[in-house]
file input15.cif (mmCIF, N, CA and C atoms)
data_run
#
loop_
_atom_site.label_atom_id
_atom_site.label_comp_id
_atom_site.auth_asym_id
_atom_site.auth_seq_id
_atom_site.Cartn_x
_atom_site.Cartn_y
_atom_site.Cartn_z
N GLN Y 37 17.76 -9.31 -54.60
CA GLN Y 37 16.96 -8.52 -53.68
C GLN Y 37 15.49 -8.87 -53.88
N VAL Y 38 14.73 -8.60 -52.83
CA VAL Y 38 13.30 -8.91 -52.87
C VAL Y 38 12.59 -7.98 -53.85
N GLN Y 39 11.80 -8.55 -54.72
CA GLN Y 39 10.96 -7.78 -55.62
C GLN Y 39 9.56 -8.35 -55.65
N LEU Y 40 8.59 -7.46 -55.62
CA LEU Y 40 7.19 -7.82 -55.73
C LEU Y 40 6.58 -6.95 -56.82
N VAL Y 41 5.95 -7.58 -57.80
CA VAL Y 41 5.39 -6.85 -58.93
C VAL Y 41 3.93 -7.23 -59.09
N GLU Y 42 3.04 -6.25 -58.83
CA GLU Y 42 1.60 -6.48 -58.96
C GLU Y 42 1.13 -6.21 -60.38
N SER Y 43 0.05 -6.90 -60.75
CA SER Y 43 -0.59 -6.66 -62.03
C SER Y 43 -2.06 -7.03 -61.92
N GLY Y 44 -2.84 -6.59 -62.90
CA GLY Y 44 -4.23 -7.00 -62.97
C GLY Y 44 -5.26 -5.96 -62.58
N GLY Y 45 -4.80 -4.81 -62.12
CA GLY Y 45 -5.76 -3.77 -61.77
C GLY Y 45 -6.43 -3.18 -62.98
N GLY Y 46 -7.41 -2.32 -62.72
CA GLY Y 46 -8.11 -1.67 -63.83
C GLY Y 46 -9.42 -1.07 -63.39
N LEU Y 47 -10.23 -0.71 -64.38
CA LEU Y 47 -11.54 -0.13 -64.15
C LEU Y 47 -12.60 -1.21 -64.39
N VAL Y 48 -13.50 -1.34 -63.44
CA VAL Y 48 -14.55 -2.35 -63.56
C VAL Y 48 -15.85 -1.76 -63.02
N GLN Y 49 -16.96 -2.21 -63.56
CA GLN Y 49 -18.26 -1.75 -63.08
C GLN Y 49 -18.63 -2.44 -61.78
N PRO Y 50 -19.48 -1.82 -60.98
CA PRO Y 50 -19.95 -2.49 -59.77
C PRO Y 50 -20.55 -3.86 -60.09
N GLY Y 51 -20.20 -4.83 -59.26
CA GLY Y 51 -20.63 -6.20 -59.50
C GLY Y 51 -19.67 -7.01 -60.33
N GLY Y 52 -18.67 -6.36 -60.89
CA GLY Y 52 -17.71 -7.04 -61.74
C GLY Y 52 -16.60 -7.73 -60.95
N SER Y 53 -15.66 -8.29 -61.71
CA SER Y 53 -14.57 -9.06 -61.11
C SER Y 53 -13.23 -8.61 -61.68
N LEU Y 54 -12.21 -8.77 -60.86
CA LEU Y 54 -10.83 -8.59 -61.29
C LEU Y 54 -9.97 -9.63 -60.58
N ARG Y 55 -8.86 -9.96 -61.21
CA ARG Y 55 -7.90 -10.88 -60.59
C ARG Y 55 -6.55 -10.19 -60.55
N LEU Y 56 -6.07 -9.96 -59.34
CA LEU Y 56 -4.75 -9.36 -59.16
C LEU Y 56 -3.71 -10.46 -58.98
N SER Y 57 -2.52 -10.21 -59.50
CA SER Y 57 -1.41 -11.13 -59.32
C SER Y 57 -0.20 -10.38 -58.80
N CYS Y 58 0.60 -11.07 -58.02
CA CYS Y 58 1.85 -10.51 -57.50
C CYS Y 58 2.95 -11.53 -57.77
N ALA Y 59 3.91 -11.14 -58.58
CA ALA Y 59 5.05 -12.00 -58.89
C ALA Y 59 6.20 -11.65 -57.96
N ALA Y 60 6.71 -12.66 -57.27
CA ALA Y 60 7.74 -12.45 -56.26
C ALA Y 60 9.07 -13.03 -56.70
N SER Y 61 10.15 -12.42 -56.23
CA SER Y 61 11.50 -12.93 -56.49
C SER Y 61 12.43 -12.42 -55.40
N GLY Y 62 13.56 -13.09 -55.27
CA GLY Y 62 14.59 -12.65 -54.34
C GLY Y 62 14.50 -13.21 -52.94
N PHE Y 63 13.56 -14.13 -52.71
CA PHE Y 63 13.46 -14.79 -51.41
C PHE Y 63 12.79 -16.15 -51.61
N THR Y 64 12.84 -16.98 -50.57
CA THR Y 64 12.24 -18.31 -50.65
C THR Y 64 10.73 -18.17 -50.47
N PHE Y 65 10.04 -18.03 -51.58
CA PHE Y 65 8.61 -17.69 -51.58
C PHE Y 65 7.79 -18.62 -50.71
N SER Y 66 8.04 -19.90 -50.80
CA SER Y 66 7.20 -20.88 -50.10
C SER Y 66 7.32 -20.78 -48.58
N ALA Y 67 8.32 -20.10 -48.09
CA ALA Y 67 8.59 -20.05 -46.66
C ALA Y 67 7.92 -18.88 -45.94
N TYR Y 68 7.21 -18.02 -46.69
CA TYR Y 68 6.65 -16.82 -46.09
C TYR Y 68 5.18 -16.62 -46.41
N ALA Y 69 4.47 -16.08 -45.41
CA ALA Y 69 3.11 -15.65 -45.65
C ALA Y 69 3.12 -14.46 -46.62
N MET Y 70 2.08 -14.38 -47.41
CA MET Y 70 1.95 -13.29 -48.38
C MET Y 70 0.67 -12.51 -48.10
N ASN Y 71 0.72 -11.24 -48.40
CA ASN Y 71 -0.37 -10.34 -48.01
C ASN Y 71 -0.78 -9.41 -49.14
N TRP Y 72 -2.07 -9.07 -49.16
CA TRP Y 72 -2.60 -8.01 -50.01
C TRP Y 72 -3.15 -6.92 -49.11
N TYR Y 73 -2.72 -5.69 -49.36
CA TYR Y 73 -3.21 -4.50 -48.68
C TYR Y 73 -3.86 -3.59 -49.71
N ARG Y 74 -4.62 -2.62 -49.22
CA ARG Y 74 -5.13 -1.58 -50.10
C ARG Y 74 -5.11 -0.25 -49.38
N GLN Y 75 -5.08 0.80 -50.19
CA GLN Y 75 -5.02 2.15 -49.63
C GLN Y 75 -5.78 3.11 -50.50
N THR Y 76 -6.57 3.98 -49.85
CA THR Y 76 -7.25 5.07 -50.53
C THR Y 76 -6.66 6.38 -50.01
N PRO Y 77 -6.78 7.44 -50.79
CA PRO Y 77 -6.18 8.72 -50.37
C PRO Y 77 -6.66 9.16 -48.99
N GLY Y 78 -5.72 9.54 -48.15
CA GLY Y 78 -6.04 10.04 -46.83
C GLY Y 78 -6.26 8.97 -45.77
N LYS Y 79 -6.14 7.73 -46.19
CA LYS Y 79 -6.35 6.63 -45.24
C LYS Y 79 -5.09 5.76 -45.16
N GLU Y 80 -4.96 5.06 -44.05
CA GLU Y 80 -3.86 4.13 -43.90
C GLU Y 80 -4.11 2.87 -44.73
N ARG Y 81 -3.03 2.20 -45.07
CA ARG Y 81 -3.18 0.93 -45.76
C ARG Y 81 -3.86 -0.06 -44.83
N GLU Y 82 -4.78 -0.85 -45.40
CA GLU Y 82 -5.45 -1.86 -44.59
C GLU Y 82 -5.19 -3.24 -45.19
N LEU Y 83 -5.07 -4.21 -44.31
CA LEU Y 83 -4.86 -5.59 -44.75
C LEU Y 83 -6.16 -6.14 -45.31
N VAL Y 84 -6.12 -6.58 -46.54
CA VAL Y 84 -7.30 -7.12 -47.20
C VAL Y 84 -7.36 -8.64 -47.06
N ALA Y 85 -6.22 -9.29 -47.29
CA ALA Y 85 -6.17 -10.74 -47.22
C ALA Y 85 -4.73 -11.18 -47.05
N SER Y 86 -4.55 -12.31 -46.39
CA SER Y 86 -3.23 -12.90 -46.27
C SER Y 86 -3.35 -14.41 -46.38
N ILE Y 87 -2.25 -15.03 -46.76
CA ILE Y 87 -2.24 -16.48 -46.89
C ILE Y 87 -0.94 -17.00 -46.32
N GLY Y 88 -1.07 -18.00 -45.43
CA GLY Y 88 0.09 -18.56 -44.79
C GLY Y 88 0.81 -19.57 -45.67
N THR Y 89 1.91 -20.07 -45.15
CA THR Y 89 2.70 -21.03 -45.93
C THR Y 89 1.94 -22.32 -46.18
N GLY Y 90 1.01 -22.64 -45.30
CA GLY Y 90 0.21 -23.85 -45.46
C GLY Y 90 -1.09 -23.62 -46.19
N GLY Y 91 -1.31 -22.37 -46.61
CA GLY Y 91 -2.52 -22.06 -47.36
C GLY Y 91 -3.67 -21.50 -46.54
N LYS Y 92 -3.47 -21.34 -45.24
CA LYS Y 92 -4.54 -20.78 -44.43
C LYS Y 92 -4.69 -19.31 -44.76
N ALA Y 93 -5.95 -18.89 -44.94
CA ALA Y 93 -6.22 -17.52 -45.39
C ALA Y 93 -6.94 -16.71 -44.33
N TYR Y 94 -6.65 -15.42 -44.36
CA TYR Y 94 -7.36 -14.44 -43.53
C TYR Y 94 -7.94 -13.39 -44.47
N TYR Y 95 -9.16 -12.91 -44.12
CA TYR Y 95 -9.79 -11.88 -44.93
C TYR Y 95 -10.32 -10.75 -44.06
N LEU Y 96 -10.22 -9.54 -44.57
CA LEU Y 96 -10.91 -8.40 -43.99
C LEU Y 96 -12.41 -8.71 -44.04
N SER Y 97 -13.12 -8.37 -43.00
CA SER Y 97 -14.52 -8.77 -42.90
C SER Y 97 -15.35 -8.26 -44.08
N SER Y 98 -15.02 -7.07 -44.58
CA SER Y 98 -15.84 -6.49 -45.64
C SER Y 98 -15.64 -7.16 -47.00
N VAL Y 99 -14.60 -8.00 -47.14
CA VAL Y 99 -14.36 -8.68 -48.42
C VAL Y 99 -14.61 -10.17 -48.32
N LYS Y 100 -14.87 -10.65 -47.12
CA LYS Y 100 -15.07 -12.10 -46.92
C LYS Y 100 -16.25 -12.57 -47.76
N GLY Y 101 -16.04 -13.66 -48.47
CA GLY Y 101 -17.08 -14.19 -49.33
C GLY Y 101 -17.06 -13.62 -50.74
N ARG Y 102 -16.29 -12.54 -50.95
CA ARG Y 102 -16.19 -11.93 -52.29
C ARG Y 102 -14.79 -12.07 -52.86
N PHE Y 103 -13.79 -12.02 -51.99
CA PHE Y 103 -12.39 -12.10 -52.43
C PHE Y 103 -11.81 -13.46 -52.05
N THR Y 104 -10.91 -13.96 -52.87
CA THR Y 104 -10.20 -15.21 -52.58
C THR Y 104 -8.72 -15.03 -52.86
N ILE Y 105 -7.91 -15.30 -51.85
CA ILE Y 105 -6.46 -15.24 -52.01
C ILE Y 105 -5.94 -16.66 -52.26
N SER Y 106 -4.94 -16.76 -53.13
CA SER Y 106 -4.34 -18.05 -53.41
C SER Y 106 -2.87 -17.84 -53.71
N ARG Y 107 -2.11 -18.91 -53.61
CA ARG Y 107 -0.69 -18.82 -53.90
C ARG Y 107 -0.25 -20.01 -54.74
N ASP Y 108 0.73 -19.77 -55.59
CA ASP Y 108 1.34 -20.82 -56.41
C ASP Y 108 2.83 -20.79 -56.11
N ASN Y 109 3.28 -21.70 -55.28
CA ASN Y 109 4.68 -21.69 -54.86
C ASN Y 109 5.62 -22.00 -56.03
N ALA Y 110 5.18 -22.80 -56.96
CA ALA Y 110 6.04 -23.13 -58.11
C ALA Y 110 6.28 -21.90 -58.99
N LYS Y 111 5.24 -21.09 -59.13
CA LYS Y 111 5.34 -19.88 -59.96
C LYS Y 111 5.74 -18.65 -59.15
N LYS Y 112 5.78 -18.81 -57.82
CA LYS Y 112 6.11 -17.68 -56.93
C LYS Y 112 5.17 -16.51 -57.15
N THR Y 113 3.89 -16.83 -57.16
CA THR Y 113 2.88 -15.79 -57.31
C THR Y 113 1.80 -15.93 -56.24
N VAL Y 114 1.23 -14.81 -55.90
CA VAL Y 114 0.07 -14.77 -55.02
C VAL Y 114 -1.00 -13.97 -55.75
N ASN Y 115 -2.21 -14.51 -55.74
CA ASN Y 115 -3.31 -13.94 -56.50
C ASN Y 115 -4.43 -13.50 -55.57
N LEU Y 116 -5.18 -12.53 -56.04
CA LEU Y 116 -6.37 -12.09 -55.31
C LEU Y 116 -7.51 -12.01 -56.30
N GLN Y 117 -8.42 -12.97 -56.22
CA GLN Y 117 -9.62 -12.97 -57.06
C GLN Y 117 -10.67 -12.13 -56.37
N MET Y 118 -11.13 -11.10 -57.05
CA MET Y 118 -12.08 -10.17 -56.45
C MET Y 118 -13.37 -10.20 -57.25
N ASN Y 119 -14.43 -10.65 -56.61
CA ASN Y 119 -15.75 -10.74 -57.24
C ASN Y 119 -16.72 -9.78 -56.56
N SER Y 120 -17.82 -9.53 -57.21
CA SER Y 120 -18.86 -8.64 -56.68
C SER Y 120 -18.26 -7.33 -56.17
N LEU Y 121 -17.42 -6.74 -56.99
CA LEU Y 121 -16.73 -5.52 -56.59
C LEU Y 121 -17.71 -4.36 -56.41
N GLN Y 122 -17.40 -3.54 -55.43
CA GLN Y 122 -18.22 -2.39 -55.10
C GLN Y 122 -17.37 -1.12 -55.14
N PRO Y 123 -18.00 0.03 -55.29
CA PRO Y 123 -17.22 1.28 -55.33
C PRO Y 123 -16.28 1.46 -54.14
N GLU Y 124 -16.68 0.95 -52.99
CA GLU Y 124 -15.83 1.09 -51.80
C GLU Y 124 -14.58 0.22 -51.86
N ASP Y 125 -14.49 -0.66 -52.85
CA ASP Y 125 -13.27 -1.44 -53.06
C ASP Y 125 -12.23 -0.68 -53.86
N THR Y 126 -12.60 0.48 -54.38
CA THR Y 126 -11.66 1.30 -55.14
C THR Y 126 -10.47 1.69 -54.27
N ALA Y 127 -9.28 1.38 -54.74
CA ALA Y 127 -8.06 1.64 -53.97
C ALA Y 127 -6.86 1.24 -54.80
N VAL Y 128 -5.69 1.58 -54.30
CA VAL Y 128 -4.46 0.99 -54.82
C VAL Y 128 -4.19 -0.26 -53.98
N TYR Y 129 -3.99 -1.35 -54.66
CA TYR Y 129 -3.76 -2.63 -53.98
C TYR Y 129 -2.27 -2.97 -54.04
N TYR Y 130 -1.74 -3.37 -52.88
CA TYR Y 130 -0.32 -3.66 -52.73
C TYR Y 130 -0.11 -5.09 -52.24
N CYS Y 131 0.93 -5.69 -52.74
CA CYS Y 131 1.41 -6.98 -52.27
C CYS Y 131 2.52 -6.72 -51.25
N LYS Y 132 2.54 -7.51 -50.17
CA LYS Y 132 3.56 -7.31 -49.14
C LYS Y 132 4.04 -8.63 -48.58
N VAL Y 133 5.33 -8.69 -48.29
CA VAL Y 133 5.90 -9.84 -47.60
C VAL Y 133 6.78 -9.32 -46.48
N TYR Y 134 6.78 -10.03 -45.36
CA TYR Y 134 7.67 -9.71 -44.24
C TYR Y 134 8.68 -10.85 -44.14
N THR Y 135 9.94 -10.52 -44.38
CA THR Y 135 11.01 -11.51 -44.28
C THR Y 135 12.05 -11.10 -43.26
N GLY Y 136 11.59 -10.33 -42.24
CA GLY Y 136 12.50 -9.71 -41.30
C GLY Y 136 12.36 -8.20 -41.38
N ARG Y 137 11.88 -7.76 -42.52
CA ARG Y 137 11.40 -6.39 -42.73
C ARG Y 137 10.32 -6.48 -43.80
N ASP Y 138 9.53 -5.41 -43.89
CA ASP Y 138 8.47 -5.39 -44.89
C ASP Y 138 9.03 -5.03 -46.27
N TYR Y 139 8.54 -5.77 -47.25
CA TYR Y 139 8.79 -5.42 -48.65
C TYR Y 139 7.45 -5.24 -49.33
N TRP Y 140 7.33 -4.17 -50.12
CA TRP Y 140 6.08 -3.82 -50.79
C TRP Y 140 6.29 -3.78 -52.30
N GLY Y 141 5.24 -4.12 -53.01
CA GLY Y 141 5.24 -3.88 -54.43
C GLY Y 141 4.89 -2.43 -54.72
N GLN Y 142 4.81 -2.11 -56.01
CA GLN Y 142 4.55 -0.72 -56.40
C GLN Y 142 3.07 -0.37 -56.38
N GLY Y 143 2.23 -1.39 -56.30
CA GLY Y 143 0.80 -1.16 -56.24
C GLY Y 143 0.14 -1.20 -57.61
N THR Y 144 -1.14 -1.55 -57.61
CA THR Y 144 -1.94 -1.55 -58.82
C THR Y 144 -3.30 -0.94 -58.51
N GLN Y 145 -3.75 -0.04 -59.37
CA GLN Y 145 -4.99 0.70 -59.12
C GLN Y 145 -6.20 -0.14 -59.51
N VAL Y 146 -7.14 -0.21 -58.60
CA VAL Y 146 -8.44 -0.83 -58.87
C VAL Y 146 -9.50 0.26 -58.71
N THR Y 147 -10.28 0.48 -59.75
CA THR Y 147 -11.34 1.47 -59.72
C THR Y 147 -12.65 0.79 -60.06
N VAL Y 148 -13.61 0.90 -59.15
CA VAL Y 148 -14.93 0.32 -59.36
C VAL Y 148 -15.92 1.46 -59.53
N SER Y 149 -16.42 1.60 -60.74
CA SER Y 149 -17.28 2.74 -61.04
C SER Y 149 -18.13 2.43 -62.26
N SER Y 150 -19.34 2.98 -62.27
CA SER Y 150 -20.19 2.84 -63.43
C SER Y 150 -20.02 4.02 -64.38
#

call {"tool": "encode", "arguments": {"input": "input15.cif", "output": "structure tokens"}}
result
Amino acid sequence: QVQLVESGGGLVQPGGSLRLSCAASGFTFSAYAMNWYRQTPGKERELVASIGTGGKAYYLSSVKGRFTISRDNAKKTVNLQMNSLQPEDTAVYYCKVYTGRDYWGQGTQVTVSS
């Protein structure tokens, strides 16, 4: 079965960096686009970044230039490098894949605070 396991969240000061990773299993990883979403209390999940099978990336406008999504098909992982973090980036970050239906990871908390 499809499994997505996020890691790398934590507490960081404004201006700091974090690297999130999502380990995937149960499907042909290289054949699907991978996505990072985030959610704060009372708000809907928003797409932060996605990466296609060929490596083409999409970014939410507010993170463009600060976040970088990458994938390693051999390791079946998708990463999100987050630099110049700001308090408004505080959220639970989720990995998602659509293989005919959506599959989500359990999420990892990112808190940006001084």

call {"tool": "resolve_selection", "arguments": {"input": "input15.cif", "expression": "the PyMOL selection byres ((chain Y and resi 131) around 5)", "output": "JSON, numbers by chain"}}
result
{"Y": [71, 72, 73, 129, 130, 132, 133, 140, 141]}

call {"tool": "closest_residue", "arguments": {"input": "input15.cif", "among": "Y:Leu47, Y:Val148, Y:Leu56, Y:Ile87", "to": "Glu124 in chain Y", "atoms": "all atoms listed in the file"}}
result
Y:Val148

call {"tool": "closest_residue", "arguments": {"input": "input15.cif", "among": "Y:Tyr94, Y:Met70, Y:Ser120, Y:Ala85", "to": "Tyr134 in chain Y", "atoms": "all atoms listed in the file"}}
result
Y:Met70

call {"tool": "residues_around", "arguments": {"input": "input15.cif", "residues": "Phe63 in chain Y", "least_positions_apart": "6", "cutoff": "8 Å", "atoms": "all atoms listed in the file", "output": "ChimeraX atom specification"}}
result
/Y:37-39

call {"tool": "atom_distance", "arguments": {"input": "input15.cif", "atom1": "CA of Ala93 in chain Y", "atom2": "CA of Tyr139 in chain Y"}}
result
19.6 Å

call {"tool": "closest_residue", "arguments": {"input": "input15.cif", "among": "Y:Thr104, Y:Asn115, Y:Thr135, Y:Gln145", "to": "Cys58 in chain Y", "atoms": "only C-alpha atoms"}}
result
Y:Asn115

call {"tool": "atom_distance", "arguments": {"input": "input15.cif", "atom1": "CA of Thr64 in chain Y", "atom2": "atom C of Lys112 in chain Y"}}
result
9.8 Å

call {"tool": "resolve_selection", "arguments": {"input": "input15.cif", "expression": "the PyMOL selection byres ((chain Y and resi 42) around 7)", "output": "list in words"}}
result
Leu40, Val41, Ser43, Gly44, Gly45, Leu56, Ser57, Cys58, Ala59, Cys131, Gly141, Gln142, Gly143 and Thr144 of chain Y

call {"tool": "atom_distance", "arguments": {"input": "input15.cif", "atom1": "atom N of Thr89 in chain Y", "atom2": "atom C of Asp108 in chain Y"}}
result
11.0 Å

call {"tool": "closest_residue", "arguments": {"input": "input15.cif", "among": "Y:Asp138, Y:Asn109, Y:Thr147, Y:Ala127", "to": "Pro77 in chain Y", "atoms": "only N, CA and C atoms"}}
result
Y:Ala127

call {"tool": "axis_aligned_box", "arguments": {"input": "input15.cif", "around": "range 89-92 of chain Y", "padding_each_side": "5 Å", "output": "JSON"}}
result
{"center_x": -1.0, "center_y": -21.6, "center_z": -45.9, "size_x": 17.4, "size_y": 14.5, "size_z": 12.9}

call {"tool": "closest_residue", "arguments": {"input": "input15.cif", "among": "Y:Asn119, Y:Thr113, Y:Gln49, Y:Ser97", "to": "Ala69 in chain Y", "atoms": "only C-alpha atoms"}}
result
Y:Thr113

call {"tool": "build_atoms", "arguments": {"input": "input15.cif", "residues": "range 70-87 of chain Y", "atoms": "N, CA, C and O atoms", "output": "PDB file, in the coordinates of the input"}}
result
ATOM      1  N   MET Y  70       2.080 -14.380 -47.410  1.00  0.00           N
ATOM      2  CA  MET Y  70       1.950 -13.290 -48.380  1.00  0.00           C
ATOM      3  C   MET Y  70       0.670 -12.510 -48.100  1.00  0.00           C
ATOM      4  O   MET Y  70      -0.329 -13.084 -47.638  1.00  0.00           O
ATOM      5  N   ASN Y  71       0.720 -11.240 -48.400  1.00  0.00           N
ATOM      6  CA  ASN Y  71      -0.370 -10.340 -48.010  1.00  0.00           C
ATOM      7  C   ASN Y  71      -0.780  -9.410 -49.140  1.00  0.00           C
ATOM      8  O   ASN Y  71       0.054  -8.977 -49.932  1.00  0.00           O
ATOM      9  N   TRP Y  72      -2.070  -9.070 -49.160  1.00  0.00           N
ATOM     10  CA  TRP Y  72      -2.600  -8.010 -50.010  1.00  0.00           C
ATOM     11  C   TRP Y  72      -3.150  -6.920 -49.110  1.00  0.00           C
ATOM     12  O   TRP Y  72      -3.947  -7.190 -48.213  1.00  0.00           O
ATOM     13  N   TYR Y  73      -2.720  -5.690 -49.360  1.00  0.00           N
ATOM     14  CA  TYR Y  73      -3.210  -4.500 -48.680  1.00  0.00           C
ATOM     15  C   TYR Y  73      -3.860  -3.590 -49.710  1.00  0.00           C
ATOM     16  O   TYR Y  73      -3.638  -3.732 -50.911  1.00  0.00           O
ATOM     17  N   ARG Y  74      -4.620  -2.620 -49.220  1.00  0.00           N
ATOM     18  CA  ARG Y  74      -5.130  -1.580 -50.100  1.00  0.00           C
ATOM     19  C   ARG Y  74      -5.110  -0.250 -49.380  1.00  0.00           C
ATOM     20  O   ARG Y  74      -5.112  -0.192 -48.145  1.00  0.00           O
ATOM     21  N   GLN Y  75      -5.080   0.800 -50.190  1.00  0.00           N
ATOM     22  CA  GLN Y  75      -5.020   2.150 -49.630  1.00  0.00           C
ATOM     23  C   GLN Y  75      -5.780   3.110 -50.500  1.00  0.00           C
ATOM     24  O   GLN Y  75      -5.666   3.084 -51.738  1.00  0.00           O
ATOM     25  N   THR Y  76      -6.570   3.980 -49.850  1.00  0.00           N
ATOM     26  CA  THR Y  76      -7.250   5.070 -50.530  1.00  0.00           C
ATOM     27  C   THR Y  76      -6.660   6.380 -50.010  1.00  0.00           C
ATOM     28  O   THR Y  76      -6.118   6.411 -48.902  1.00  0.00           O
ATOM     29  N   PRO Y  77      -6.780   7.440 -50.790  1.00  0.00           N
ATOM     30  CA  PRO Y  77      -6.180   8.720 -50.370  1.00  0.00           C
ATOM     31  C   PRO Y  77      -6.660   9.160 -48.990  1.00  0.00           C
ATOM     32  O   PRO Y  77      -7.861   9.117 -48.686  1.00  0.00           O
ATOM     33  N   GLY Y  78      -5.720   9.540 -48.150  1.00  0.00           N
ATOM     34  CA  GLY Y  78      -6.040  10.040 -46.830  1.00  0.00           C
ATOM     35  C   GLY Y  78      -6.260   8.970 -45.770  1.00  0.00           C
ATOM     36  O   GLY Y  78      -6.548   9.299 -44.615  1.00  0.00           O
ATOM     37  N   LYS Y  79      -6.140   7.730 -46.190  1.00  0.00           N
ATOM     38  CA  LYS Y  79      -6.350   6.630 -45.240  1.00  0.00           C
ATOM     39  C   LYS Y  79      -5.090   5.760 -45.160  1.00  0.00           C
ATOM     40  O   LYS Y  79      -4.294   5.716 -46.087  1.00  0.00           O
ATOM     41  N   GLU Y  80      -4.960   5.060 -44.050  1.00  0.00           N
ATOM     42  CA  GLU Y  80      -3.860   4.130 -43.900  1.00  0.00           C
ATOM     43  C   GLU Y  80      -4.110   2.870 -44.730  1.00  0.00           C
ATOM     44  O   GLU Y  80      -5.265   2.522 -45.019  1.00  0.00           O
ATOM     45  N   ARG Y  81      -3.030   2.200 -45.070  1.00  0.00           N
ATOM     46  CA  ARG Y  81      -3.180   0.930 -45.760  1.00  0.00           C
ATOM     47  C   ARG Y  81      -3.860  -0.060 -44.830  1.00  0.00           C
ATOM     48  O   ARG Y  81      -3.554  -0.110 -43.636  1.00  0.00           O
ATOM     49  N   GLU Y  82      -4.780  -0.850 -45.400  1.00  0.00           N
ATOM     50  CA  GLU Y  82      -5.450  -1.860 -44.590  1.00  0.00           C
ATOM     51  C   GLU Y  82      -5.190  -3.240 -45.190  1.00  0.00           C
ATOM     52  O   GLU Y  82      -5.121  -3.396 -46.423  1.00  0.00           O
ATOM     53  N   LEU Y  83      -5.070  -4.210 -44.310  1.00  0.00           N
ATOM     54  CA  LEU Y  83      -4.860  -5.590 -44.750  1.00  0.00           C
ATOM     55  C   LEU Y  83      -6.160  -6.140 -45.310  1.00  0.00           C
ATOM     56  O   LEU Y  83      -7.172  -6.171 -44.606  1.00  0.00           O
ATOM     57  N   VAL Y  84      -6.120  -6.580 -46.540  1.00  0.00           N
ATOM     58  CA  VAL Y  84      -7.300  -7.120 -47.200  1.00  0.00           C
ATOM     59  C   VAL Y  84      -7.360  -8.640 -47.060  1.00  0.00           C
ATOM     60  O   VAL Y  84      -8.403  -9.213 -46.741  1.00  0.00           O
ATOM     61  N   ALA Y  85      -6.220  -9.290 -47.290  1.00  0.00           N
ATOM     62  CA  ALA Y  85      -6.170 -10.740 -47.220  1.00  0.00           C
ATOM     63  C   ALA Y  85      -4.730 -11.180 -47.050  1.00  0.00           C
ATOM     64  O   ALA Y  85      -3.813 -10.507 -47.512  1.00  0.00           O
ATOM     65  N   SER Y  86      -4.550 -12.310 -46.390  1.00  0.00           N
ATOM     66  CA  SER Y  86      -3.230 -12.900 -46.270  1.00  0.00           C
ATOM     67  C   SER Y  86      -3.350 -14.410 -46.380  1.00  0.00           C
ATOM     68  O   SER Y  86      -4.422 -14.978 -46.117  1.00  0.00           O
ATOM     69  N   ILE Y  87      -2.250 -15.030 -46.760  1.00  0.00           N
ATOM     70  CA  ILE Y  87      -2.240 -16.480 -46.890  1.00  0.00           C
ATOM     71  C   ILE Y  87      -0.940 -17.000 -46.320  1.00  0.00           C
ATOM     72  O   ILE Y  87       0.150 -16.514 -46.639  1.00  0.00           O
TER      73      ILE Y  87
END
